>>> print(open('data_25.txt').read())   # compact mmCIF, C-alpha atoms
# COMPACT_ATOMS: atom_id res chain seq x y z
CA MET A 1 -149.07 125.08 88.17
CA HIS A 2 -150.92 121.81 88.13
CA LYS A 3 -148.93 118.62 88.50
CA GLN A 4 -150.26 117.41 85.16
CA SER A 5 -149.00 120.62 83.45
CA VAL A 6 -145.55 120.24 85.02
CA ILE A 7 -145.33 116.68 83.80
CA THR A 8 -146.44 117.78 80.35
CA ILE A 9 -143.84 120.58 80.24
CA MET A 10 -141.12 118.22 81.52
CA GLY A 11 -142.16 115.79 78.84
CA LEU A 12 -141.91 118.47 76.17
CA HIS A 13 -138.47 119.52 77.46
CA LEU A 14 -137.32 115.93 77.33
CA LEU A 15 -138.68 115.60 73.80
CA ILE A 16 -137.00 118.85 72.69
CA PHE A 17 -133.76 117.87 74.45
CA SER A 18 -133.77 114.43 72.88
CA GLN A 19 -134.37 115.98 69.45
CA THR A 20 -131.51 118.39 70.03
CA VAL A 21 -128.97 115.73 70.87
CA HIS A 22 -130.36 113.34 68.29
CA GLY A 23 -128.36 114.33 65.21
CA VAL A 24 -126.37 112.80 62.45
CA GLY A 25 -122.66 112.47 61.91
CA LEU A 26 -120.91 113.71 58.79
CA HIS A 27 -120.74 110.59 56.65
CA PRO A 28 -121.39 109.66 52.99
CA GLY A 29 -124.94 108.56 53.84
CA LEU A 30 -125.81 112.24 53.53
CA ASN A 31 -124.55 112.41 49.96
CA GLY A 32 -127.06 113.30 47.30
CA SER A 33 -129.46 115.92 46.01
CA TRP A 34 -131.12 118.35 48.44
CA HIS A 35 -133.57 121.19 47.95
CA ASN A 36 -136.33 123.29 49.42
CA PRO A 37 -139.55 121.88 47.91
CA GLU A 38 -141.00 125.39 47.81
CA GLN A 39 -138.18 126.51 45.53
CA ASN A 40 -138.60 124.17 42.62
CA GLY A 41 -135.78 124.03 40.07
CA GLN A 42 -132.82 124.77 42.33
CA GLY A 43 -130.91 123.00 45.05
CA LEU A 44 -127.63 121.58 46.27
CA VAL A 45 -125.78 118.36 45.53
CA ILE A 46 -123.72 117.40 48.55
CA HIS A 47 -120.84 114.95 48.78
CA ILE A 48 -118.93 114.06 51.92
CA ALA A 49 -115.57 112.36 51.46
CA PRO A 50 -114.18 111.41 54.92
CA ALA A 51 -110.95 110.06 53.41
CA ASN A 52 -110.28 113.58 52.13
CA ASN A 53 -111.80 115.33 55.21
CA LEU A 54 -113.93 117.16 52.67
CA LEU A 55 -117.50 118.25 52.12
CA PHE A 56 -118.01 119.34 48.54
CA ALA A 57 -121.26 120.81 47.31
CA ALA A 58 -122.55 122.43 44.18
CA TRP A 59 -125.40 124.92 44.43
CA PHE A 60 -127.51 124.99 41.31
CA THR A 61 -129.48 128.20 41.34
CA TYR A 62 -130.04 131.49 39.50
CA SER A 63 -128.84 135.06 39.65
CA GLU A 64 -129.96 137.34 42.47
CA ALA A 65 -131.87 139.48 39.98
CA GLY A 66 -133.43 136.37 38.48
CA GLY A 67 -133.55 134.92 34.99
CA GLN A 68 -129.97 133.69 34.53
CA GLN A 69 -128.65 130.34 35.63
CA GLN A 70 -125.93 130.45 38.26
CA TRP A 71 -123.94 127.69 39.93
CA LEU A 72 -121.60 127.97 42.86
CA THR A 73 -119.36 125.38 44.44
CA ALA A 74 -118.73 125.03 48.15
CA TYR A 75 -116.19 123.18 50.20
CA GLY A 76 -115.37 122.76 53.85
CA ASP A 77 -113.66 120.35 56.20
CA LEU A 78 -115.44 117.86 58.41
CA SER A 79 -113.93 119.00 61.71
CA SER A 80 -117.16 120.46 63.06
CA GLN A 81 -120.86 120.71 62.54
CA PRO A 82 -122.21 123.08 61.29
CA VAL A 83 -119.76 122.64 58.44
CA ASN A 84 -118.18 125.98 57.56
CA LEU A 85 -118.11 126.47 53.83
CA THR A 86 -116.25 128.63 51.37
CA LEU A 87 -118.46 129.41 48.38
CA THR A 88 -116.68 129.92 45.09
CA SER A 89 -117.77 131.12 41.69
CA SER A 90 -116.31 130.03 38.36
CA THR A 91 -117.02 132.39 35.49
CA GLY A 92 -116.06 133.06 31.91
CA GLY A 93 -115.36 129.52 30.71
CA GLY A 94 -116.66 127.57 27.76
CA LEU A 95 -118.34 124.18 27.45
CA ASN A 96 -115.66 121.48 27.19
CA VAL A 97 -112.87 123.89 26.25
CA SER A 98 -109.79 125.01 28.15
CA ASP A 99 -109.71 128.45 26.53
CA PRO A 100 -111.02 130.76 27.88
CA THR A 101 -109.94 129.59 31.31
CA PRO A 102 -112.68 130.12 33.91
CA GLN A 103 -111.87 132.66 36.60
CA GLN A 104 -112.27 131.29 40.12
CA SER A 105 -113.24 133.71 42.88
CA VAL A 106 -114.60 133.51 46.39
CA TRP A 107 -118.32 134.35 46.31
CA GLY A 108 -118.88 134.20 50.07
CA SER A 109 -119.22 131.84 52.96
CA GLY A 110 -121.82 129.46 54.29
CA GLN A 111 -122.76 126.93 56.90
CA LEU A 112 -124.42 123.58 56.53
CA THR A 113 -126.14 121.92 59.47
CA PHE A 114 -127.51 118.41 59.14
CA HIS A 115 -130.39 117.76 61.53
CA ASP A 116 -130.94 114.15 60.49
CA CYS A 117 -130.67 112.02 57.35
CA ILE A 118 -133.34 113.99 55.50
CA SER A 119 -133.21 117.57 56.74
CA ALA A 120 -130.54 120.24 56.86
CA THR A 121 -130.15 124.00 56.97
CA PHE A 122 -127.96 125.91 54.54
CA GLN A 123 -126.98 129.47 55.42
CA PHE A 124 -125.11 131.64 52.96
CA SER A 125 -123.56 135.08 52.90
CA GLY A 126 -122.09 136.63 49.78
CA SER A 127 -123.49 139.13 47.35
CA SER A 128 -126.74 138.16 49.03
CA GLU A 129 -127.57 136.49 52.32
CA GLY A 130 -130.13 133.96 53.33
CA GLN A 131 -131.05 130.58 54.69
CA ILE A 132 -132.55 127.56 52.98
CA GLU A 133 -134.23 124.67 54.75
CA LEU A 134 -133.26 121.57 52.81
CA THR A 135 -134.79 118.14 52.43
CA ARG A 136 -133.58 115.30 50.27
CA ILE A 137 -134.75 114.91 46.69
CA THR A 138 -133.42 111.36 46.40
CA PRO A 139 -133.54 108.85 49.26
CA PRO A 140 -130.36 108.41 51.32
CA ILE A 141 -128.12 105.37 50.93
CA ASN A 142 -126.87 103.84 54.19
CA CYS A 143 -127.54 106.94 56.27
CA ILE A 144 -127.38 106.21 60.00
CA GLU A 145 -128.59 108.74 62.56
CA ASP A 146 -127.05 109.08 66.01
CA GLN A 147 -128.81 107.18 68.77
CA PRO A 148 -130.67 109.42 71.25
CA MET D 149 -115.98 63.92 19.83
CA LYS D 150 -113.96 65.99 17.38
CA PRO D 151 -116.84 66.66 14.90
CA LEU D 152 -119.10 67.56 17.82
CA MET D 153 -116.54 69.99 19.20
CA ALA D 154 -116.14 71.55 15.76
CA ILE D 155 -119.92 72.06 15.49
CA ILE D 156 -120.04 73.66 18.94
CA LEU D 157 -117.15 75.95 18.07
CA MET D 158 -118.78 76.90 14.76
CA LEU D 159 -122.06 77.62 16.52
CA PHE D 160 -120.26 79.67 19.16
CA TYR D 161 -118.39 81.62 16.49
CA THR D 162 -121.57 82.22 14.49
CA LEU D 163 -123.47 83.48 17.52
CA HIS D 164 -120.71 85.89 18.44
CA SER D 165 -119.96 87.18 14.99
CA GLN D 166 -123.56 88.07 14.09
CA ALA D 167 -123.92 91.74 13.39
CA THR D 168 -127.05 93.43 14.64
CA GLU D 169 -129.24 95.27 12.17
CA HIS D 170 -130.67 98.57 13.41
CA HIS D 171 -133.42 100.65 11.83
CA ILE D 172 -133.97 104.37 12.23
CA ASN D 173 -137.02 106.24 10.97
CA VAL D 174 -136.51 109.81 9.77
CA TYR D 175 -139.47 112.16 9.81
CA GLU D 176 -139.76 115.86 8.95
CA ASN D 177 -139.53 116.85 12.60
CA ARG D 178 -137.92 113.94 14.44
CA ILE D 179 -135.55 111.01 14.18
CA ASP D 180 -136.53 107.81 15.93
CA PRO D 181 -134.67 106.58 17.88
CA GLU D 182 -132.87 109.78 18.64
CA VAL D 183 -129.98 108.01 20.35
CA LEU D 184 -128.96 104.53 19.22
CA ILE D 185 -126.33 102.44 20.96
CA ILE D 186 -124.47 100.20 18.52
CA GLU D 187 -121.37 98.07 18.29
CA ASN D 188 -118.66 97.77 15.69
CA GLY D 189 -119.84 95.36 13.01
CA ASP D 190 -123.49 96.41 13.27
CA GLN D 191 -125.51 97.61 10.30
CA ILE D 192 -127.77 100.67 10.36
CA THR D 193 -130.55 101.48 7.91
CA TRP D 194 -132.28 104.85 7.91
CA HIS D 195 -135.82 104.86 6.49
CA ILE D 196 -137.08 108.20 5.19
CA VAL D 197 -140.71 108.44 6.23
CA ASN D 198 -141.38 111.98 5.08
CA GLY D 199 -139.37 114.99 3.95
CA ARG D 200 -136.23 115.03 1.79
CA HIS D 201 -133.13 114.50 3.89
CA GLN D 202 -129.39 114.41 3.43
CA LEU D 203 -127.95 112.81 6.56
CA ILE D 204 -124.53 114.13 7.54
CA SER D 205 -122.42 113.22 10.56
CA SER D 206 -120.53 115.76 12.62
CA GLU D 207 -116.81 115.57 13.25
CA ASN D 208 -116.24 112.95 15.93
CA GLN D 209 -113.58 110.98 17.74
CA ALA D 210 -115.11 107.62 16.85
CA GLY D 211 -113.69 107.75 13.33
CA PHE D 212 -117.11 107.25 11.77
CA GLY D 213 -118.15 109.86 9.21
CA PHE D 214 -120.89 109.68 6.61
CA SER D 215 -122.88 111.79 4.20
CA SER D 216 -125.86 110.30 2.43
CA PRO D 217 -127.25 111.38 -0.90
CA VAL D 218 -130.44 113.45 -0.79
CA LEU D 219 -133.06 110.89 0.19
CA PRO D 220 -136.72 111.30 -0.82
CA PRO D 221 -139.63 109.79 1.15
CA GLY D 222 -139.52 105.99 0.98
CA ALA D 223 -135.76 105.87 0.40
CA GLN D 224 -133.32 103.94 2.59
CA PHE D 225 -129.69 104.53 3.46
CA THR D 226 -127.62 101.66 4.89
CA LEU D 227 -124.19 101.73 6.52
CA ASP D 228 -121.97 99.13 8.14
CA VAL D 229 -120.20 100.34 11.26
CA GLU D 230 -116.61 99.22 11.00
CA THR D 231 -114.62 102.00 12.59
CA GLY D 232 -112.95 99.87 15.24
CA GLN D 233 -113.26 102.77 17.66
CA SER D 234 -115.88 103.85 20.17
CA GLY D 235 -117.63 107.12 20.92
CA GLU D 236 -120.60 109.25 20.02
CA VAL D 237 -121.40 110.22 16.44
CA ALA D 238 -123.83 113.11 16.17
CA TYR D 239 -125.58 113.61 12.86
CA GLY D 240 -128.22 115.83 11.37
CA THR D 241 -130.21 116.45 8.24
CA THR D 242 -130.04 119.27 5.75
CA LEU D 243 -133.84 119.53 5.88
CA ASN D 244 -133.83 121.01 9.38
CA PRO D 245 -130.62 122.27 11.02
CA LEU D 246 -132.21 121.86 14.46
CA LEU D 247 -133.02 118.19 13.86
CA SER D 248 -130.21 115.96 15.05
CA ALA D 249 -129.59 112.54 16.55
CA ALA D 250 -126.67 110.43 17.65
CA LEU D 251 -125.13 107.00 17.42
CA VAL D 252 -123.13 105.74 20.38
CA ILE D 253 -120.56 103.16 19.32
CA GLU D 254 -119.78 100.95 22.25
CA GLY D 255 -116.21 100.16 23.13
CA PRO D 256 -114.86 96.78 24.17
CA ALA D 257 -116.87 95.05 26.87
CA VAL D 258 -116.08 96.29 30.36
CA ASP D 259 -116.97 94.31 33.46
CA TYR D 260 -117.87 97.42 35.47
CA LEU D 261 -121.58 97.90 36.17
CA ILE D 262 -122.86 101.30 37.22
CA ASP D 263 -123.93 101.43 40.86
CA GLU D 264 -123.73 103.87 43.78
CA GLY D 265 -119.94 103.76 43.49
CA ILE D 266 -120.23 106.54 40.91
CA ASN D 267 -121.81 108.96 43.40
CA ALA D 268 -119.17 111.68 43.33
CA HIS D 269 -117.79 114.70 41.54
CA PHE D 270 -116.11 114.07 38.18
CA TYR D 271 -114.18 116.46 35.96
CA ASN D 272 -111.85 116.68 32.99
CA PRO D 273 -108.41 117.89 34.16
CA GLN D 274 -107.94 119.58 30.75
CA THR D 275 -110.94 121.86 31.34
CA ASP D 276 -110.75 122.68 35.02
CA GLY D 277 -113.49 124.84 36.52
CA GLN D 278 -116.46 122.76 35.33
CA GLY D 279 -117.63 119.23 35.96
CA LEU D 280 -120.25 116.63 36.64
CA LEU D 281 -121.95 115.54 39.84
CA LEU D 282 -123.43 112.09 39.58
CA GLU D 283 -125.88 110.18 41.72
CA TYR D 284 -127.08 106.62 41.23
CA VAL D 285 -130.37 106.00 43.04
CA PRO D 286 -130.58 102.27 43.89
CA ASN D 287 -134.32 101.98 44.55
CA THR D 288 -135.25 103.43 41.16
CA GLN D 289 -132.04 102.33 39.39
CA ILE D 290 -131.57 105.65 37.67
CA VAL D 291 -128.57 107.92 37.33
CA VAL D 292 -129.00 111.63 37.98
CA ALA D 293 -126.39 113.88 36.39
CA TYR D 294 -125.78 117.54 37.13
CA TRP D 295 -123.46 119.12 34.57
CA PHE D 296 -122.16 122.52 35.61
CA THR D 297 -120.43 124.27 32.75
CA PHE D 298 -120.78 127.32 30.50
CA GLY D 299 -122.97 128.45 27.63
CA ALA D 300 -122.32 129.86 24.18
CA ASN D 301 -121.56 133.34 25.54
CA ASN D 302 -119.35 132.05 28.37
CA GLU D 303 -122.19 132.51 30.84
CA GLN D 304 -122.70 129.96 33.56
CA GLN D 305 -124.93 127.09 32.50
CA TRP D 306 -126.05 123.94 34.27
CA MET D 307 -128.02 121.02 32.98
CA LEU D 308 -129.80 118.17 34.69
CA GLY D 309 -130.68 114.76 33.30
CA THR D 310 -131.66 111.25 34.31
CA GLY D 311 -131.27 107.89 32.64
CA THR D 312 -131.34 104.17 33.26
CA PRO D 313 -127.88 102.59 33.11
CA GLN D 314 -127.12 99.71 30.81
CA GLY D 315 -124.03 97.96 32.08
CA ASN D 316 -121.21 100.48 32.24
CA GLN D 317 -123.01 103.28 30.39
CA VAL D 318 -125.97 105.57 30.65
CA THR D 319 -127.60 108.01 28.21
CA MET D 320 -129.53 110.92 29.65
CA ASN D 321 -131.75 113.56 28.12
CA MET D 322 -130.40 116.80 29.56
CA SER D 323 -132.41 119.92 30.14
CA ALA D 324 -131.67 123.39 31.48
CA THR D 325 -134.03 125.27 33.74
CA THR D 326 -134.36 128.99 33.24
CA GLY D 327 -136.19 131.94 34.72
CA GLY D 328 -135.58 131.23 38.39
CA GLN D 329 -134.18 133.50 41.08
CA LEU D 330 -131.69 132.75 43.85
CA ASN D 331 -133.44 131.49 46.99
CA SER D 332 -136.88 132.32 45.63
CA ASP D 333 -139.99 130.37 44.68
CA GLN D 334 -140.10 132.03 41.26
CA VAL D 335 -141.44 129.55 38.70
CA VAL D 336 -138.85 128.07 36.34
CA SER D 337 -139.21 126.59 32.88
CA GLU D 338 -137.44 123.52 31.61
CA VAL D 339 -135.73 123.73 28.23
CA PRO D 340 -134.47 120.52 26.53
CA TRP D 341 -130.73 120.72 25.80
CA GLY D 342 -129.76 117.39 24.23
CA GLU D 343 -128.31 114.16 25.46
CA LEU D 344 -125.26 113.12 27.42
CA THR D 345 -123.86 109.59 27.39
CA LEU D 346 -121.43 108.49 30.09
CA ILE D 347 -119.35 105.36 29.51
CA PHE D 348 -117.48 104.25 32.63
CA THR D 349 -114.22 102.35 32.57
CA ASP D 350 -114.59 101.87 36.32
CA CYS D 351 -115.99 103.98 39.14
CA PHE D 352 -113.01 106.35 38.89
CA SER D 353 -113.08 107.32 35.22
CA GLY D 354 -114.78 107.18 31.87
CA GLU D 355 -115.69 109.03 28.73
CA ALA D 356 -118.55 111.49 28.18
CA HIS D 357 -120.22 112.11 24.82
CA TYR D 358 -122.69 114.92 24.34
CA ASN D 359 -125.00 116.17 21.65
CA GLY D 360 -126.57 119.54 22.43
CA ARG D 361 -129.28 119.93 19.82
CA GLU D 362 -130.37 123.44 20.80
CA GLN D 363 -126.85 124.82 20.68
CA GLN D 364 -125.71 122.47 17.90
CA LEU D 365 -122.81 121.31 20.02
CA SER D 366 -121.41 117.83 20.09
CA GLY D 367 -118.21 116.37 21.44
CA SER D 368 -116.53 114.14 23.95
CA PHE D 369 -114.30 114.41 26.97
CA PRO D 370 -112.66 112.03 29.42
CA PHE D 371 -113.73 112.37 33.03
CA GLN D 372 -112.22 111.27 36.29
CA ARG D 373 -113.21 111.38 39.93
CA LEU D 374 -112.13 114.49 41.80
CA TYR D 375 -111.83 112.75 45.15
CA LEU D 376 -112.14 109.31 46.62
CA ALA D 377 -115.41 107.87 47.83
CA GLU D 378 -115.80 105.06 50.30
CA LEU D 379 -118.16 103.17 48.03
CA CYS D 380 -115.56 103.16 45.27
CA GLN D 381 -112.56 101.70 47.07
>>> encode(input="data_25.txt", output="C-alpha cells")
Amino acid sequence: MHKQSVITIMGLHLLIFSQTVHGVGLHPGLNGSWHNPEQNGQGLVIHIAPANNLLFAAWFTYSEAGGQQQWLTAYGDLSSQPVNLTLTSSTGGGLNVSDPTPQQSVWGSGQLTFHDCISATFQFSGSSEGQIELTRITPPINCIEDQP
Amino acid sequence: MKPLMAIILMLFYTLHSQATEHHINVYENRIDPEVLIIENGDQITWHIVNGRHQLISSENQAGFGFSSPVLPPGAQFTLDVETGQSGEVAYGTTLNPLLSAALVIEGPAVDYLIDEGINAHFYNPQTDGQGLLLEYVPNTQIVVAYWFTFGANNEQQWMLGTGTPQGNQVTMNMSATTGGQLNSDQVVSEVPWGELTLIFTDCFSGEAHYNGREQQLSGSFPFQRLYLAELCQ
C-alpha cells in the first residue's frame, strides 16, 4: 500500500472516529419538531426535561394500513443514550370530554439516538417495526454539541 | 397645578375608557374576519354584504350570547360587549350551517408574554389521555401547536396549527392531515379543522378556546404543563 493511501485511510479513520465520539448530550436544546423530510405530514415532537429525568415524545403518524390518523406517545429516562422508550397508545376518548375515558395501552418499544443537534434515529417495534432517520423541522434553541 | 392635574387625569381616563369599534363583513360563504379578538366594553357591528343571515352564538363560558334578527343584504347588527368575562364565543349563520366564526373576549391584562418558555407538553387534568405540545420558534416568532385528541367517532385525531402570538395569547388555524401511512412516503392531504386560541396566564397554565368548523365543535378547557421545563423556572 502506498504511503499516500495509508495516510488517506488513517485520515478517514480519524474523521470517522471523531464523528463517532462527537455527539450531543440529552438536554432541552434538542426539544422541538423532528421528521423525515421524505415522509411529509408525520413526525415526532420531542421534549427533554432533565429536572424530571424524562424524555417525552409524541409521534404524529397514521395507521399501518394507511388512511387513518394515529398518534402515539413515548417516554423514557435520560440515563443512557440511545434513550429507551416505551410507546403507548391512547384510544377511545373524545375531544375535550372525560367520558368516555381513553384506554391507555403499551403499543411497543423504541430507541432514540441523537447524533447531533439536527439529526437523530428513531427505531420502533410494536405492531410494526422500523427505523426513521430524523432531522429537525424547526431550528434548535440553545443546542450545544459535545466537543470532539 | 390643580386644574392641570385634573385635565391630565381626565385625558388619562378618557383614553383608557374608550371602547373600540369593530366591524365584521358577512358574505354568503365567509365571515371576515373569521376570528376577532375584543375586550369588554368594545362594540361590534356586523355588515351583511350578501345573503340573508341570522347570526346566532353558540353556548359559551364567556357569558356572551346573542341572536340577531334575519338580516338582509345591506343590514347591520350592532352589539356592545359587556359580559365582564373572557373566553371564546363561536357563532354561525342560519344561511349556511358550515359557516362559522368566533369572537375572543380578552381577559384582564396579564404581564406574561409568550416565548420559548411555553415549549412543553400541556394537558387538562379533567380529560387525561389527550393534550397539546407547543413550540415557540424565536427566529420566526411563531407558535406551533400539536393537538392530539379524538374525533367524532372516538377515533384518534391530531391537528397542527401555527400562529403569531400577541402578548399572552395566540390564535392558530388548525388543520388535520389525512391519507398517510405509518413510516411511509404516502402523500397526505391537509384538511382545515378550525381555530384554536391559547391564552396563557403564565408559562405553566392557561385557557384554550376552540372552534372546529368542520365538526361544528366549540368549547374551552384549562391547560397546565405536564412537567417542568428549564426555560420556565
>>> residues_around(input="data_25.txt", residues="range 254-261 of chain D", least_positions_apart="6", cutoff="8 Å", atoms="only C-alpha atoms", output="PyMOL selection string")
chain D and resi 185-188+233-235+314-316+348-351
>>> interface_residues(input="data_25.txt", of="chain A", to="chain D", cutoff="7 Å", atoms="only C-alpha atoms", output="MDAnalysis selection string")
chainID A and resid 32 38:41 47 49 51 61:71 90:98 102
>>> residues_near_point(input="data_25.txt", point="(-124.3, 109.1, 21.3)", cutoff="8 Å", atoms="all atoms listed in the file", output="PyMOL selection string")
chain D and resi 183-185+235-238+249-253+319+343-345+357-359
>>> residues_around(input="data_25.txt", residues="range 108-117 of chain A", least_positions_apart="6", cutoff="8 Å", atoms="only C-alpha atoms", output="list in words")
His22, Gly23, Val24, Gly29, Leu30, Gln81, Pro82, Val83, Asn84, Leu85, Thr86, Leu87, Thr88, Gln123, Phe124, Ser125, Gly126, Ser127, Pro140, Cys143, Ile144 and Glu145 of chain A
>>> atom_distance(input="data_25.txt", atom1="CA of Ser216 in chain D", atom2="CA of Trp341 in chain D")
26.0 Å
>>> atom_distance(input="data_25.txt", atom1="CA of Phe225 in chain D", atom2="CA of Arg200 in chain D")
12.5 Å
>>> build_atoms(input="data_25.txt", residues="range 77-86 of chain A", atoms="all heavy atoms", output="PDB file, keeping the file's coordinate frame")
ATOM      1  N   ASP A  77    -114.173 121.577  55.582  1.00  0.00           N
ATOM      2  CA  ASP A  77    -113.660 120.350  56.200  1.00  0.00           C
ATOM      3  C   ASP A  77    -114.686 119.800  57.184  1.00  0.00           C
ATOM      4  O   ASP A  77    -115.679 120.469  57.500  1.00  0.00           O
ATOM      5  CB  ASP A  77    -112.290 120.569  56.844  1.00  0.00           C
ATOM      6  CG  ASP A  77    -112.349 121.500  58.037  1.00  0.00           C
ATOM      7  OD1 ASP A  77    -113.160 121.250  58.944  1.00  0.00           O
ATOM      8  OD2 ASP A  77    -111.591 122.497  58.057  1.00  0.00           O
ATOM      9  N   LEU A  78    -114.448 118.576  57.616  1.00  0.00           N
ATOM     10  CA  LEU A  78    -115.440 117.860  58.410  1.00  0.00           C
ATOM     11  C   LEU A  78    -115.139 117.940  59.904  1.00  0.00           C
ATOM     12  O   LEU A  78    -115.590 117.110  60.692  1.00  0.00           O
ATOM     13  CB  LEU A  78    -115.479 116.383  57.974  1.00  0.00           C
ATOM     14  CG  LEU A  78    -115.685 116.133  56.484  1.00  0.00           C
ATOM     15  CD1 LEU A  78    -115.674 114.636  56.181  1.00  0.00           C
ATOM     16  CD2 LEU A  78    -117.001 116.750  56.015  1.00  0.00           C
ATOM     17  N   SER A  79    -114.360 118.948  60.315  1.00  0.00           N
ATOM     18  CA  SER A  79    -113.930 119.000  61.710  1.00  0.00           C
ATOM     19  C   SER A  79    -115.051 119.387  62.656  1.00  0.00           C
ATOM     20  O   SER A  79    -114.955 119.157  63.858  1.00  0.00           O
ATOM     21  CB  SER A  79    -112.750 119.966  61.856  1.00  0.00           C
ATOM     22  OG  SER A  79    -113.138 121.252  61.409  1.00  0.00           O
ATOM     23  N   SER A  80    -116.102 120.027  62.152  1.00  0.00           N
ATOM     24  CA  SER A  80    -117.160 120.460  63.060  1.00  0.00           C
ATOM     25  C   SER A  80    -118.489 120.496  62.316  1.00  0.00           C
ATOM     26  O   SER A  80    -118.539 120.517  61.082  1.00  0.00           O
ATOM     27  CB  SER A  80    -116.851 121.850  63.616  1.00  0.00           C
ATOM     28  OG  SER A  80    -116.829 122.792  62.549  1.00  0.00           O
ATOM     29  N   GLN A  81    -119.550 120.494  63.112  1.00  0.00           N
ATOM     30  CA  GLN A  81    -120.860 120.710  62.540  1.00  0.00           C
ATOM     31  C   GLN A  81    -121.545 121.816  63.336  1.00  0.00           C
ATOM     32  O   GLN A  81    -121.592 121.696  64.561  1.00  0.00           O
ATOM     33  CB  GLN A  81    -121.704 119.428  62.551  1.00  0.00           C
ATOM     34  CG  GLN A  81    -122.900 119.604  61.656  1.00  0.00           C
ATOM     35  CD  GLN A  81    -123.777 118.382  61.473  1.00  0.00           C
ATOM     36  OE1 GLN A  81    -124.708 118.470  60.724  1.00  0.00           O
ATOM     37  NE2 GLN A  81    -123.499 117.273  62.141  1.00  0.00           N
ATOM     38  N   PRO A  82    -122.068 122.886  62.725  1.00  0.00           N
ATOM     39  CA  PRO A  82    -122.210 123.080  61.290  1.00  0.00           C
ATOM     40  C   PRO A  82    -120.877 123.068  60.530  1.00  0.00           C
ATOM     41  O   PRO A  82    -119.845 123.466  61.078  1.00  0.00           O
ATOM     42  CB  PRO A  82    -122.835 124.474  61.161  1.00  0.00           C
ATOM     43  CG  PRO A  82    -123.261 124.866  62.529  1.00  0.00           C
ATOM     44  CD  PRO A  82    -122.521 124.049  63.502  1.00  0.00           C
ATOM     45  N   VAL A  83    -120.945 122.626  59.295  1.00  0.00           N
ATOM     46  CA  VAL A  83    -119.760 122.640  58.440  1.00  0.00           C
ATOM     47  C   VAL A  83    -119.615 124.054  57.874  1.00  0.00           C
ATOM     48  O   VAL A  83    -120.550 124.602  57.291  1.00  0.00           O
ATOM     49  CB  VAL A  83    -119.915 121.636  57.281  1.00  0.00           C
ATOM     50  CG1 VAL A  83    -118.691 121.678  56.382  1.00  0.00           C
ATOM     51  CG2 VAL A  83    -120.143 120.232  57.813  1.00  0.00           C
ATOM     52  N   ASN A  84    -118.456 124.644  58.107  1.00  0.00           N
ATOM     53  CA  ASN A  84    -118.180 125.980  57.560  1.00  0.00           C
ATOM     54  C   ASN A  84    -117.724 125.845  56.118  1.00  0.00           C
ATOM     55  O   ASN A  84    -116.818 125.067  55.811  1.00  0.00           O
ATOM     56  CB  ASN A  84    -117.104 126.685  58.399  1.00  0.00           C
ATOM     57  CG  ASN A  84    -117.612 126.990  59.795  1.00  0.00           C
ATOM     58  OD1 ASN A  84    -118.706 127.526  59.962  1.00  0.00           O
ATOM     59  ND2 ASN A  84    -116.831 126.615  60.801  1.00  0.00           N
ATOM     60  N   LEU A  85    -118.354 126.606  55.262  1.00  0.00           N
ATOM     61  CA  LEU A  85    -118.110 126.470  53.830  1.00  0.00           C
ATOM     62  C   LEU A  85    -117.525 127.732  53.222  1.00  0.00           C
ATOM     63  O   LEU A  85    -117.857 128.850  53.639  1.00  0.00           O
ATOM     64  CB  LEU A  85    -119.425 126.174  53.096  1.00  0.00           C
ATOM     65  CG  LEU A  85    -120.179 124.905  53.487  1.00  0.00           C
ATOM     66  CD1 LEU A  85    -121.570 124.911  52.877  1.00  0.00           C
ATOM     67  CD2 LEU A  85    -119.396 123.678  53.038  1.00  0.00           C
ATOM     68  N   THR A  86    -116.671 127.537  52.242  1.00  0.00           N
ATOM     69  CA  THR A  86    -116.250 128.630  51.370  1.00  0.00           C
ATOM     70  C   THR A  86    -116.992 128.448  50.053  1.00  0.00           C
ATOM     71  O   THR A  86    -116.944 127.367  49.459  1.00  0.00           O
ATOM     72  CB  THR A  86    -114.730 128.582  51.122  1.00  0.00           C
ATOM     73  OG1 THR A  86    -114.065 128.674  52.378  1.00  0.00           O
ATOM     74  CG2 THR A  86    -114.288 129.729  50.222  1.00  0.00           C
TER      75      THR A  86
END
